[in-house]
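File shown: entry_5.csv (CSV, C-alpha atoms).
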chain,number,residue,atom,x,y,z
E,153,SER,CA,56.3,124.5,36.5
E,154,PHE,CA,53.1,125.1,34.5
E,155,CYS,CA,50.0,123.0,35.2
E,156,PRO,CA,47.2,123.5,32.7
E,157,SER,CA,43.7,123.6,34.1
E,158,SER,CA,42.8,120.5,32.1
E,159,CYS,CA,45.1,118.5,34.4
E,160,LEU,CA,43.3,119.6,37.6
E,161,SER,CA,40.5,117.3,38.8
E,162,LYS,CA,39.9,118.7,42.3
E,163,ILE,CA,41.0,121.8,44.1
E,164,SER,CA,40.8,122.1,47.8
E,165,PHE,CA,41.7,124.9,50.2
E,166,ILE,CA,42.7,125.0,53.8
E,167,GLY,CA,43.0,128.3,55.7
E,168,HIS,CA,43.8,129.1,59.3
E,169,SER,CA,42.5,132.2,61.0
E,170,LEU,CA,42.6,135.1,58.6
E,171,GLY,CA,43.8,132.7,55.9
E,172,GLY,CA,40.3,131.3,55.7
E,173,VAL,CA,38.9,134.8,55.0
E,174,VAL,CA,41.7,135.5,52.5
E,175,ILE,CA,40.8,132.3,50.6
E,176,ARG,CA,37.2,133.3,50.5
E,177,ALA,CA,38.2,136.7,49.1
E,178,SER,CA,40.2,135.1,46.4
E,179,LEU,CA,37.4,132.7,45.3
E,180,PRO,CA,35.5,135.1,43.0
E,181,HIS,CA,38.8,135.6,41.1
E,182,LEU,CA,39.1,131.9,40.6
E,183,SER,CA,35.6,131.4,39.3
E,184,GLU,CA,36.8,129.7,36.0
E,185,TYR,CA,37.9,126.8,38.2
E,186,SER,CA,34.8,126.6,40.4
E,187,SER,CA,33.6,123.3,38.8
E,188,LYS,CA,36.8,121.7,40.2
E,189,PHE,CA,36.4,123.1,43.8
E,190,PHE,CA,36.2,120.1,46.1
E,191,THR,CA,36.8,120.8,49.8
E,192,PHE,CA,37.1,124.1,51.8
E,193,ILE,CA,38.5,123.7,55.3
E,194,SER,CA,38.6,126.7,57.6
E,195,LEU,CA,40.5,126.5,60.9
E,196,SER,CA,39.2,129.1,63.3
E,197,SER,CA,38.6,131.8,60.7
E,198,PRO,CA,36.6,134.9,61.6
E,199,HIS,CA,34.2,134.7,58.7
E,200,ILE,CA,31.7,137.0,60.3
E,201,GLY,CA,34.3,139.2,62.0
E,202,GLN,CA,34.9,139.8,65.6
E,203,MET,CA,31.7,141.6,66.4
E,204,TYR,CA,30.7,139.2,69.2
E,205,ASN,CA,34.0,138.4,70.8
E,206,SER,CA,33.7,136.8,74.2
E,207,SER,CA,37.1,138.0,75.4
E,208,LYS,CA,37.1,141.5,76.8
E,209,LEU,CA,40.9,141.4,76.9
E,210,VAL,CA,41.1,140.7,73.2
E,211,GLU,CA,38.4,143.3,72.5
E,212,ILE,CA,40.4,146.0,74.5
E,213,GLY,CA,43.7,144.9,72.9
E,214,THR,CA,42.1,145.2,69.4
E,215,TRP,CA,40.8,148.6,70.2
E,216,VAL,CA,44.2,149.8,71.4
E,217,ILE,CA,46.1,148.4,68.4
E,218,LYS,CA,43.5,149.9,66.0
E,219,LYS,CA,44.0,153.3,67.5
E,220,TRP,CA,47.8,153.1,68.0
E,221,ARG,CA,48.9,151.3,64.8
E,222,LYS,CA,45.9,152.3,62.5
E,223,SER,CA,45.6,148.6,61.6
E,224,LYS,CA,43.3,148.3,58.5
E,225,CYS,CA,43.0,144.6,59.0
E,226,LEU,CA,41.7,145.0,62.6
E,227,GLN,CA,39.3,147.7,61.5
E,228,GLN,CA,37.9,145.2,58.9
E,229,LEU,CA,37.7,142.3,61.4
E,230,SER,CA,35.8,144.5,63.9
E,231,MET,CA,33.7,145.9,61.0
E,232,THR,CA,34.6,149.5,61.8
E,233,ASP,CA,36.2,150.2,58.4
E,234,ASP,CA,33.1,152.0,57.3
E,235,SER,CA,30.3,153.8,59.2
E,236,ASN,CA,27.7,151.9,57.1
E,237,MET,CA,28.0,148.3,58.0
E,238,GLU,CA,26.9,147.2,54.5
E,239,ASN,CA,30.0,148.9,53.1
E,240,THR,CA,32.5,147.1,55.3
E,241,CYS,CA,34.9,144.8,53.8
E,242,LEU,CA,33.6,141.6,55.5
E,243,TYR,CA,30.0,142.4,54.7
E,244,ARG,CA,30.8,143.0,51.0
E,245,LEU,CA,32.8,139.8,51.0
E,246,SER,CA,29.8,137.9,52.4
E,247,GLU,CA,27.8,138.9,49.3
E,248,LEU,CA,30.4,137.4,46.9
E,249,PRO,CA,30.1,133.8,45.6
E,250,GLY,CA,32.6,131.2,46.5
E,251,LEU,CA,31.6,128.7,49.2
E,252,CYS,CA,28.7,127.6,47.1
E,253,TRP,CA,31.1,126.0,44.6
E,254,PHE,CA,32.5,123.5,47.1
E,255,LYS,CA,31.3,119.9,47.4
E,256,ASN,CA,32.6,119.6,51.0
E,257,ILE,CA,32.9,122.4,53.6
E,258,VAL,CA,34.5,122.0,57.1
E,259,PHE,CA,34.5,124.8,59.7
E,260,VAL,CA,36.9,123.9,62.6
E,261,CYS,CA,36.6,126.0,65.7
E,262,SER,CA,37.0,126.0,69.5
E,263,SER,CA,35.0,127.7,72.2
E,264,GLN,CA,38.3,128.1,74.0
E,265,ASP,CA,39.6,130.3,71.2
E,266,ASN,CA,40.0,133.8,72.7
E,267,TYR,CA,40.8,135.5,69.3
E,268,VAL,CA,38.1,134.3,66.9
E,269,PRO,CA,34.5,134.3,68.1
E,270,TYR,CA,33.1,130.7,68.1
E,271,ASP,CA,30.0,131.6,66.1
E,272,SER,CA,32.0,133.5,63.5
E,273,ALA,CA,34.3,130.6,62.9
E,274,ARG,CA,31.3,128.3,62.5
E,275,ILE,CA,29.3,130.9,60.4
E,276,GLN,CA,26.3,130.6,62.7
E,277,ILE,CA,24.2,133.2,64.3
E,278,CYS,CA,25.1,133.8,67.9
E,279,LYS,CA,22.5,134.2,70.6
E,280,ALA,CA,23.3,137.9,71.2
E,281,ALA,CA,22.5,138.7,67.6
E,282,GLN,CA,19.3,136.7,67.7
E,283,LEU,CA,18.1,138.5,70.8
E,284,ALA,CA,18.9,142.0,69.6
E,285,GLY,CA,17.6,141.8,66.1
E,286,GLU,CA,18.1,145.4,65.0
E,287,GLY,CA,20.9,147.5,63.6
E,288,LYS,CA,24.3,145.8,63.4
E,289,GLU,CA,22.8,142.6,64.7
E,290,SER,CA,20.5,142.2,61.7
E,291,GLN,CA,23.5,142.9,59.4
E,292,TYR,CA,25.4,140.2,61.2
E,293,ILE,CA,22.5,137.8,60.6
E,294,LYS,CA,22.4,138.9,57.0
E,295,MET,CA,26.1,138.1,56.6
E,296,ALA,CA,25.6,134.6,57.9
E,297,THR,CA,22.7,134.1,55.5
E,298,ASN,CA,24.7,135.5,52.6
E,299,LEU,CA,27.6,133.1,53.3
E,300,LEU,CA,25.5,130.0,53.7
E,301,GLY,CA,22.4,130.7,51.6
E,302,ASP,CA,23.5,129.3,48.3
E,303,ILE,CA,25.6,126.3,49.6
E,304,THR,CA,24.7,123.0,47.9
E,305,ALA,CA,27.6,121.1,49.4
E,306,LYS,CA,27.1,117.4,49.9
E,307,LEU,CA,28.8,117.6,53.4
E,308,ILE,CA,29.0,120.6,55.8
E,309,TYR,CA,30.9,119.8,59.0
E,310,ARG,CA,31.3,122.1,62.0
E,311,LEU,CA,34.0,120.5,64.1
E,312,ASP,CA,34.5,121.7,67.7
E,313,VAL,CA,37.9,121.2,69.1
E,314,ASN,CA,38.4,120.9,72.9
E,315,PHE,CA,42.0,121.8,74.0
E,316,GLN,CA,41.4,121.0,77.6
E,317,ILE,CA,43.5,118.1,78.7
E,318,LYS,CA,42.2,116.2,81.7
E,319,GLU,CA,44.6,115.2,84.4
E,320,LYS,CA,45.3,111.5,84.7

When written as structure tokens, how does the structure in this file appear?
Amino acid sequence: SFCPSSCLSKISFIGHSLGGVVIRASLPHLSEYSSKFFTFISLSSPHIGQMYNSSKLVEIGTWVIKKWRKSKCLQQLSMTDDSNMENTCLYRLSELPGLCWFKNIVFVCSSQDNYVPYDSARIQICKAAQLAGEGKESQYIKMATNLLGDITAKLIYRLDVNFQIKEK
């Protein structure tokens, strides 16, 4: 059924993993509704890619699948889809508007997640990038700044989930 935009009062989005990035990619195309954007919730989404993945096993697996299956998505997540980092899909996406239109933003992540780097899911600059400071590290910092720079949200939450269950 058809719902005219005048009926909409609030629009919220929830995305898990790559879904959070897909939502961000769609936001510029929905700019006519930006005044109605209310809450953006991202559940373990690789907003700044997988550049600083803490799991060597996932890093090796990603490399093998990229070579074997020629996965464009994995190339984009590892930011190897272009030799110039500023031309990569995720970097260009960081320059587009979207998150700044929301009144509430929630980044849910877990340090136990082996697939999505903790800092990427939180859109925060990891220590490795802070210490290095040149080359791709400065581009990584610029991406985080691009994503968070214009945000005027009333609430920004970074929720850390701990999946470790203690024995009784």

In Å, rounded to a single decimal, give me how far atom CA of E:Asp234 is from atom CA of E:Pro269. 20.8 Å

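Distance annotation: of E:Phe254, E:Tyr292, E:Tyr243, E:Tyr309, the residue with the minimal separation from E:Arg274 is E:Tyr309; atom set is only C-alpha atoms.
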
Between E:Ser178, E:Gln316, E:Gln276, E:Ser161, which residue has the minimum interatomic distance to E:Leu248, considering all atoms listed in the file? E:Ser178

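Minimum distance to E:Ala273 across E:Gly172, E:Pro198, E:Gly167, E:Pro180 (counting all atoms listed in the file) occurs at E:Pro198.
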
Surrounding residues of stretch 295-306 of chain E excluding itself and chain neighbours under 5 positions, 7 Å, all atoms listed in the file, as a PyMOL selection string: chain E and resi 200+243+246-247+251-252+254-257+275-277

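Among the candidate residues E:Gly250, E:Asp233, E:His199, E:Asn239, the one lying nearest to E:Ser187 is E:Gly250, with distances computed using all atoms listed in the file.
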
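The smallest atom-to-atom distance between E:Ser197 and any of E:Gln291, E:Gln228, E:Gln282, E:Ser272, using all atoms listed in the file, is found for E:Ser272.
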
Separation of atom CA of E:Ala281 from atom CA of E:Lys294, in Å and rounded to one decimal: 10.6 Å

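Using only C-alpha atoms for every distance, the candidate list E:Ser164, E:Ser186, E:Asn236, E:Ser196 yields E:Ser196 as the residue closest to E:Tyr270.
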
Skipping near chain neighbours, those fewer than 5 positions away, what residues fall within 12 Å of E:Phe315 using all atoms listed in the file, listed as a ChimeraX atom specification? /E:261-265

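A straight line drawn from atom CA of E:Glu184 to atom CA of E:Lys224 is 29.9 Å long.
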
Using the atoms already present, construct N, CA, C and O atoms for stretch 294-316 of chain E and hand them back as a compact mmCIF listing (two decimals), in the coordinates of the input.
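Result file out.txt:
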# COMPACT_ATOMS: atom_id res chain seq x y z
N LYS E 294 22.37 138.82 58.42
CA LYS E 294 22.40 138.90 57.00
C LYS E 294 23.68 138.32 56.38
O LYS E 294 23.69 137.61 55.37
N MET E 295 24.79 138.65 57.03
CA MET E 295 26.10 138.10 56.60
C MET E 295 26.12 136.61 56.63
O MET E 295 26.56 135.96 55.67
N ALA E 296 25.67 136.03 57.73
CA ALA E 296 25.60 134.60 57.90
C ALA E 296 24.75 133.97 56.80
O ALA E 296 25.11 132.96 56.17
N THR E 297 23.62 134.59 56.56
CA THR E 297 22.70 134.10 55.50
C THR E 297 23.33 134.23 54.14
O THR E 297 23.20 133.32 53.32
N ASN E 298 24.02 135.34 53.88
CA ASN E 298 24.70 135.50 52.60
C ASN E 298 25.73 134.40 52.37
O ASN E 298 25.82 133.84 51.28
N LEU E 299 26.50 134.09 53.40
CA LEU E 299 27.60 133.10 53.30
C LEU E 299 27.05 131.68 53.08
O LEU E 299 27.62 130.91 52.33
N LEU E 300 25.98 131.35 53.75
CA LEU E 300 25.50 130.00 53.70
C LEU E 300 24.30 129.74 52.81
O LEU E 300 23.95 128.59 52.52
N GLY E 301 23.68 130.81 52.35
CA GLY E 301 22.40 130.70 51.60
C GLY E 301 22.44 129.88 50.37
O GLY E 301 21.49 129.15 50.10
N ASP E 302 23.49 129.95 49.57
CA ASP E 302 23.50 129.30 48.30
C ASP E 302 24.31 127.95 48.32
O ASP E 302 24.54 127.35 47.27
N ILE E 303 24.71 127.52 49.48
CA ILE E 303 25.60 126.30 49.60
C ILE E 303 24.75 125.08 49.19
O ILE E 303 23.65 124.86 49.69
N THR E 304 25.34 124.29 48.31
CA THR E 304 24.70 123.00 47.90
C THR E 304 25.68 121.86 48.18
O THR E 304 25.55 120.79 47.59
N ALA E 305 26.62 122.08 49.06
CA ALA E 305 27.60 121.10 49.40
C ALA E 305 26.98 119.77 49.84
O ALA E 305 25.94 119.78 50.49
N LYS E 306 27.63 118.66 49.48
CA LYS E 306 27.10 117.40 49.90
C LYS E 306 27.34 117.22 51.44
O LYS E 306 26.52 116.64 52.13
N LEU E 307 28.46 117.74 51.94
CA LEU E 307 28.80 117.60 53.40
C LEU E 307 29.19 119.00 53.90
O LEU E 307 30.01 119.70 53.31
N ILE E 308 28.59 119.38 55.01
CA ILE E 308 29.00 120.60 55.80
C ILE E 308 29.27 120.09 57.18
O ILE E 308 28.37 119.57 57.83
N TYR E 309 30.51 120.23 57.63
CA TYR E 309 30.90 119.80 59.00
C TYR E 309 31.22 121.08 59.79
O TYR E 309 31.88 121.98 59.29
N ARG E 310 30.80 121.07 61.04
CA ARG E 310 31.30 122.10 62.00
C ARG E 310 31.91 121.26 63.12
O ARG E 310 31.22 120.61 63.89
N LEU E 311 33.23 121.30 63.14
CA LEU E 311 34.00 120.50 64.10
C LEU E 311 34.42 121.39 65.27
O LEU E 311 35.08 122.40 65.07
N ASP E 312 34.07 120.99 66.46
CA ASP E 312 34.50 121.70 67.70
C ASP E 312 35.66 120.98 68.28
O ASP E 312 35.60 119.78 68.54
N VAL E 313 36.72 121.73 68.52
CA VAL E 313 37.90 121.20 69.10
C VAL E 313 38.00 121.61 70.56
O VAL E 313 37.81 122.78 70.89
N ASN E 314 38.28 120.65 71.44
CA ASN E 314 38.40 120.90 72.90
C ASN E 314 39.90 120.74 73.21
O ASN E 314 40.43 119.64 73.11
N PHE E 315 40.54 121.81 73.64
CA PHE E 315 42.00 121.80 74.00
C PHE E 315 42.22 121.46 75.43
O PHE E 315 43.37 121.41 75.87
N GLN E 316 41.18 121.27 76.20
CA GLN E 316 41.40 121.00 77.60
C GLN E 316 41.83 119.54 77.79
O GLN E 316 41.18 118.60 77.33
